[in-house]
Amino acid sequence: MAPTNESGTFDLDGELTVHRLGFGAMRLCGEDIIGPPDDEQEAKNVVQEAVDLGVDFIDTADSYGPGVSERLLREATDTSDVTVATKAGLLRNSDGEWLNHADPDYIRNQVLVSRDRLGVDSIDLYQLHSPDPDTPFEDSVTAFAELKDEGFIDHVGLSNVSVEQLEEARNHVEIATVQNEYNVLNRDHEDVLKACEEYGIGFIPYFPIAAGSISGVDVIQEVADAHDATVYQIALAWLLEHSDVTLPIPGTASLDHLEENVAASSISLSNEEYTRLAEIASTSS
Ligand SMILES: NC(=O)c1ccc[n+]([C@@H]2O[C@H](COP(=O)([O-])OP(=O)(O)OC[C@H]3O[C@@H](n4cnc5c(N)ncnc54)[C@H](OP(=O)(O)O)[C@@H]3O)[C@@H](O)[C@H]2O)c1
């Protein structure tokens, strides 16, 4: 039987309700996140299946493809039925480099591009992909604040930021989410997660299953065996259990993996399992 999204909900900025287990659309693109995938229809089927299973929070970015991920989302499903979180602030060149580009003029250009590609009047959640060393952080954030005031975007998010940058951004605009790398094996941004909890901000852990490389860790495997689950499912279940504000966005181009990831939202860890898993990061580094 097909799984359903049992991850519970979170209210972005206290007003836009999404299911906590979302979907990351970066992996829909071709190799190295450049260009289209070999089978576009299959990629679109994954998106529609995610929505059918109850996923209503989808993360993407202008630089995925570039443009390919946003286009496929629009072609795959009715983007007005789901909350789409996109980003600007990084360029993807054909050599596969991610280049910072978060000056206000560029952000203002990209919001129009993304709005058109996604087929929406205003973007549900618009995230600064990364602070740009060549642009004062305040200038980038102010551009997002202005876009919100002008009705181009509904909610503002940040990505790849420190607690200090989160605090600074909050002086300029309400921040709905922070998206940083985080998973059961890598908890370097625990301080940012704690700050998000304090402020009621959604924390989107990217690389939630360490890009499919969570394996070979005895504790995770033992817990997985006890639940007749995979280690990836346990990594997702732990993220959902760890904090009420986590919004994991596992990415996949596979229907089987999608179903597996959604089914992880039904796994309930015991206190002992949760604690054993919580201790891995400090013991594995
Ligand atoms: N803000 C940022 O700077 C930033 C950076 C990176 C990513 N992101 C966002 O975060 C999302 C997730 O990150 P991610 O895709 O890099 O990492 P991830 O979700 O941890 O891992 C995705 C990888 O794991 C594989 N996978 C997925 N489910 C699996 C399963 N059940 N069993 C085995 N393998 C599985 C996928 O391959 P298959 O296709 O074969 O399933 C894919 O290669 C992205 O889609 C993107 O939206 C944001």
# chains A, B, ... in the order shown; residues from 1 in each chain; ligands from 1
$ residues_around --residues "Ser122 (chain A)" --least-positions-apart "3" --cutoff "12 Å" --atoms "only C-alpha atoms" --output "MDAnalysis selection string"
chainID A and resid 79:80 83:86 111:119 125:126 147:156
$ write_last_selection --atoms "C-alpha atoms" --output "short mmCIF file (atom, residue, chain, number, x, y, z; two decimals), in the first residue's frame"
data_model
loop_
_atom_site.label_atom_id
_atom_site.label_comp_id
_atom_site.auth_asym_id
_atom_site.auth_seq_id
_atom_site.Cartn_x
_atom_site.Cartn_y
_atom_site.Cartn_z
CA THR A 79 2.31 24.71 -8.23
CA SER A 80 -0.54 26.63 -6.60
CA THR A 83 4.19 25.44 -1.15
CA VAL A 84 7.22 25.95 -3.36
CA ALA A 85 10.37 27.24 -1.78
CA THR A 86 12.88 28.51 -4.28
CA VAL A 111 12.59 36.73 -8.65
CA LEU A 112 10.95 37.64 -11.96
CA VAL A 113 12.57 34.67 -13.69
CA SER A 114 11.50 32.21 -10.98
CA ARG A 115 8.00 33.62 -10.77
CA ASP A 116 7.53 33.14 -14.49
CA ARG A 117 9.09 29.67 -14.55
CA LEU A 118 7.00 28.49 -11.61
CA GLY A 119 3.85 30.09 -13.01
CA LEU A 125 9.00 31.07 0.17
CA TYR A 126 12.00 32.86 -1.33
CA LEU A 147 10.39 42.05 -2.61
CA LYS A 148 8.12 40.91 0.18
CA ASP A 149 6.76 44.43 0.69
CA GLU A 150 6.16 44.72 -3.05
CA GLY A 151 4.20 41.45 -3.16
CA PHE A 152 6.62 39.41 -5.26
CA ILE A 153 7.17 36.92 -2.46
CA ASP A 154 5.12 35.79 0.53
CA HIS A 155 7.77 34.55 2.96
CA VAL A 156 11.53 34.97 3.29
#
$ residues_near_ligand --ligand "ligand 1" --cutoff "7 Å" --atoms "only C-alpha atoms and all ligand atoms" --output "compact mmCIF listing (two decimals) with C-alpha atoms, in the first residue's frame"
# COMPACT_ATOMS: atom_id res chain seq x y z
CA PHE A 23 10.77 17.08 -1.11
CA GLY A 24 14.04 18.43 -2.50
CA ALA A 25 13.84 18.98 -6.25
CA MET A 26 17.56 19.47 -6.96
CA ARG A 27 18.03 15.82 -7.91
CA ASP A 59 12.35 22.98 -2.30
CA THR A 60 14.11 24.13 -5.45
CA HIS A 129 20.76 30.71 -1.24
CA SER A 130 23.95 31.83 0.45
CA SER A 159 20.29 29.35 3.62
CA ASN A 160 23.84 28.59 4.68
CA GLN A 179 18.12 25.93 5.33
CA ASN A 180 21.51 24.56 6.37
CA GLU A 181 23.34 21.28 5.94
CA TYR A 206 19.60 19.81 3.57
CA PHE A 207 21.56 16.63 2.86
CA PRO A 208 19.08 15.02 5.32
CA ILE A 209 20.27 11.54 4.38
CA ALA A 210 23.82 12.71 3.65
CA ALA A 211 23.14 12.40 -0.09
CA GLY A 212 22.48 8.68 0.21
CA TYR A 232 17.81 6.34 5.27
CA GLN A 233 14.35 6.05 6.76
CA ILE A 249 13.59 17.74 2.17
CA PRO A 250 15.10 14.45 0.98
CA GLY A 251 15.81 14.56 -2.74
CA THR A 252 15.36 11.70 -5.15
CA ALA A 253 14.69 10.95 -8.78
CA SER A 254 13.42 7.47 -7.89
CA HIS A 257 13.09 5.99 -2.85
CA LEU A 258 10.34 8.60 -2.72
CA GLU A 260 10.53 4.90 1.17
CA ASN A 261 11.26 8.45 2.32
$ select_by_dssp --residues "region 71-199 of chain A" --states "strand (DSSP E or B)" --output "JSON, numbers by chain"
{"A": [83, 84, 85, 86, 87, 88, 90, 91, 92, 98, 99, 100, 123, 124, 125, 126, 127, 128, 153, 154, 155, 156, 157, 158, 159, 175, 176, 177, 178, 179, 180, 181, 183, 186]}
$ write_last_selection --atoms "N, CA and C atoms" --output "tab-separated table (two decimals), in the first residue's frame"
chain	number	residue	atom	x	y	z
A	83	THR	N	3.32	24.32	-1.51
A	83	THR	CA	4.19	25.44	-1.15
A	83	THR	C	5.55	25.19	-1.79
A	84	VAL	N	5.92	26.08	-2.69
A	84	VAL	CA	7.22	25.95	-3.36
A	84	VAL	C	8.19	26.95	-2.75
A	85	ALA	N	9.31	26.41	-2.32
A	85	ALA	CA	10.37	27.24	-1.78
A	85	ALA	C	11.50	27.27	-2.79
A	86	THR	N	11.74	28.45	-3.36
A	86	THR	CA	12.88	28.51	-4.28
A	86	THR	C	13.93	29.47	-3.71
A	87	LYS	N	15.03	29.60	-4.43
A	87	LYS	CA	16.16	30.38	-3.89
A	87	LYS	C	16.82	31.16	-5.01
A	88	ALA	N	17.53	32.22	-4.59
A	88	ALA	CA	18.42	32.95	-5.49
A	88	ALA	C	19.65	33.35	-4.69
A	90	LEU	N	22.96	32.10	-5.87
A	90	LEU	CA	24.08	31.33	-6.40
A	90	LEU	C	23.89	31.16	-7.90
A	91	LEU	N	24.98	31.22	-8.63
A	91	LEU	CA	24.96	30.88	-10.06
A	91	LEU	C	25.59	29.52	-10.23
A	92	ARG	N	25.10	28.78	-11.20
A	92	ARG	CA	25.68	27.48	-11.53
A	92	ARG	C	26.32	27.62	-12.89
A	98	TRP	N	29.53	26.53	-8.09
A	98	TRP	CA	28.46	27.34	-7.52
A	98	TRP	C	29.09	28.70	-7.21
A	99	LEU	N	28.64	29.76	-7.85
A	99	LEU	CA	29.25	31.08	-7.67
A	99	LEU	C	28.28	32.00	-6.92
A	100	ASN	N	28.79	32.64	-5.89
A	100	ASN	CA	27.94	33.57	-5.14
A	100	ASN	C	27.52	34.74	-6.03
A	123	ILE	N	5.97	34.25	-5.03
A	123	ILE	CA	6.67	33.03	-4.63
A	123	ILE	C	6.38	32.77	-3.15
A	124	ASP	N	5.99	31.52	-2.86
A	124	ASP	CA	5.58	31.19	-1.49
A	124	ASP	C	6.69	31.47	-0.48
A	125	LEU	N	7.85	30.91	-0.75
A	125	LEU	CA	9.00	31.07	0.17
A	125	LEU	C	10.23	31.32	-0.68
A	126	TYR	N	10.84	32.49	-0.51
A	126	TYR	CA	12.00	32.86	-1.33
A	126	TYR	C	13.22	32.94	-0.42
A	127	GLN	N	14.22	32.11	-0.75
A	127	GLN	CA	15.36	31.98	0.16
A	127	GLN	C	16.64	32.57	-0.45
A	128	LEU	N	17.37	33.30	0.36
A	128	LEU	CA	18.72	33.71	-0.03
A	128	LEU	C	19.59	32.44	0.02
A	153	ILE	N	6.95	38.15	-3.23
A	153	ILE	CA	7.17	36.92	-2.46
A	153	ILE	C	6.33	36.99	-1.18
A	154	ASP	N	5.96	35.82	-0.67
A	154	ASP	CA	5.12	35.79	0.53
A	154	ASP	C	5.93	35.65	1.81
A	155	HIS	N	6.97	34.82	1.76
A	155	HIS	CA	7.77	34.55	2.96
A	155	HIS	C	9.25	34.53	2.57
A	156	VAL	N	10.09	34.87	3.55
A	156	VAL	CA	11.53	34.97	3.29
A	156	VAL	C	12.27	33.90	4.08
A	157	GLY	N	13.20	33.23	3.40
A	157	GLY	CA	14.06	32.26	4.07
A	157	GLY	C	15.52	32.56	3.80
A	158	LEU	N	16.38	31.95	4.61
A	158	LEU	CA	17.83	32.09	4.45
A	158	LEU	C	18.40	30.70	4.28
A	159	SER	N	19.61	30.64	3.71
A	159	SER	CA	20.29	29.35	3.62
A	159	SER	C	21.78	29.57	3.83
A	175	ILE	N	11.85	36.25	9.21
A	175	ILE	CA	12.46	35.09	8.57
A	175	ILE	C	11.62	33.85	8.88
A	176	ALA	N	11.15	33.19	7.83
A	176	ALA	CA	10.27	32.02	8.01
A	176	ALA	C	11.07	30.73	8.18
A	177	THR	N	12.21	30.63	7.47
A	177	THR	CA	12.98	29.38	7.49
A	177	THR	C	14.47	29.65	7.37
A	178	VAL	N	15.23	28.69	7.85
A	178	VAL	CA	16.68	28.65	7.59
A	178	VAL	C	16.98	27.25	7.05
A	179	GLN	N	17.76	27.21	5.96
A	179	GLN	CA	18.12	25.93	5.33
A	179	GLN	C	19.63	25.75	5.40
A	180	ASN	N	20.07	24.84	6.23
A	180	ASN	CA	21.51	24.56	6.37
A	180	ASN	C	21.76	23.07	6.28
A	181	GLU	N	23.01	22.71	5.98
A	181	GLU	CA	23.34	21.28	5.94
A	181	GLU	C	23.24	20.70	7.35
A	183	ASN	N	22.30	16.63	9.32
A	183	ASN	CA	21.72	15.28	9.37
A	183	ASN	C	22.23	14.58	10.61
A	186	ASN	N	25.90	14.74	10.87
A	186	ASN	CA	26.55	16.06	10.78
A	186	ASN	C	25.66	17.11	11.43
$ residues_around --residues "region 52-55 of chain A" --least-positions-apart "3" --cutoff "9 Å" --atoms "only C-alpha atoms" --output "list in words"
Ala2, Pro3, Thr4, Asn5, Glu6, Val18, His19, Arg20, Leu21, Gly22, Phe23, Val47, Gln48, Glu49, Ile58, Val82, Glu259 and Val262 of chain A
$ select_by_dssp --residues "region 29-205 of chain A" --states "alpha helix (DSSP H)" --output "compact mmCIF listing (two decimals) with C-alpha atoms, in the first residue's frame"
# COMPACT_ATOMS: atom_id res chain seq x y z
CA GLU A 40 11.96 14.22 -18.01
CA GLN A 41 8.65 12.38 -17.77
CA GLU A 42 10.03 10.12 -15.06
CA ALA A 43 11.24 13.17 -13.11
CA LYS A 44 7.79 14.74 -13.39
CA ASN A 45 6.18 11.49 -12.28
CA VAL A 46 8.27 11.62 -9.09
CA VAL A 47 7.04 15.14 -8.35
CA GLN A 48 3.37 14.29 -8.93
CA GLU A 49 3.72 11.11 -6.88
CA ALA A 50 5.23 13.12 -4.02
CA VAL A 51 2.20 15.42 -4.07
CA ASP A 52 -0.16 12.44 -4.27
CA VAL A 68 15.46 22.97 -15.07
CA SER A 69 14.22 22.04 -11.61
CA GLU A 70 11.77 24.97 -11.45
CA ARG A 71 10.50 24.25 -14.96
CA LEU A 72 9.95 20.56 -14.27
CA LEU A 73 8.03 21.38 -11.09
CA ARG A 74 5.63 23.60 -12.98
CA GLU A 75 5.20 21.05 -15.75
CA ALA A 76 4.72 18.21 -13.26
CA PRO A 104 20.17 43.24 -5.03
CA ASP A 105 19.90 43.82 -8.78
CA TYR A 106 20.51 40.15 -9.47
CA ILE A 107 18.04 39.03 -6.79
CA ARG A 108 15.42 41.37 -8.24
CA ASN A 109 16.07 39.92 -11.70
CA GLN A 110 15.87 36.35 -10.51
CA VAL A 111 12.59 36.73 -8.65
CA LEU A 112 10.95 37.64 -11.96
CA VAL A 113 12.57 34.67 -13.69
CA SER A 114 11.50 32.21 -10.98
CA ARG A 115 8.00 33.62 -10.77
CA ASP A 116 7.53 33.14 -14.49
CA ARG A 117 9.09 29.67 -14.55
CA LEU A 118 7.00 28.49 -11.61
CA PHE A 137 24.69 40.73 3.82
CA GLU A 138 22.38 43.56 4.82
CA ASP A 139 21.99 44.60 1.17
CA SER A 140 20.99 41.08 0.10
CA VAL A 141 18.51 40.74 2.94
CA THR A 142 17.05 44.19 2.30
CA ALA A 143 16.37 43.15 -1.30
CA PHE A 144 14.34 40.20 -0.02
CA ALA A 145 12.49 42.46 2.44
CA GLU A 146 11.59 44.86 -0.36
CA LEU A 147 10.39 42.05 -2.61
CA LYS A 148 8.12 40.91 0.18
CA ASP A 149 6.76 44.43 0.69
CA VAL A 163 23.21 32.40 14.09
CA GLU A 164 24.71 35.90 13.84
CA GLN A 165 23.52 36.30 10.25
CA LEU A 166 20.07 35.02 11.20
CA GLU A 167 19.90 37.61 13.99
CA GLU A 168 21.01 40.37 11.63
CA ALA A 169 18.48 39.38 8.97
CA ARG A 170 15.68 39.41 11.55
CA GLU A 190 22.95 22.59 15.96
CA ASP A 191 23.29 26.19 17.21
CA VAL A 192 21.31 27.47 14.22
CA LEU A 193 18.64 24.83 14.79
CA LYS A 194 18.37 25.90 18.44
CA ALA A 195 17.99 29.55 17.39
CA CYS A 196 15.23 28.53 14.97
CA GLU A 197 13.44 26.70 17.78
CA GLU A 198 13.68 29.78 19.98
CA TYR A 199 12.18 32.03 17.29
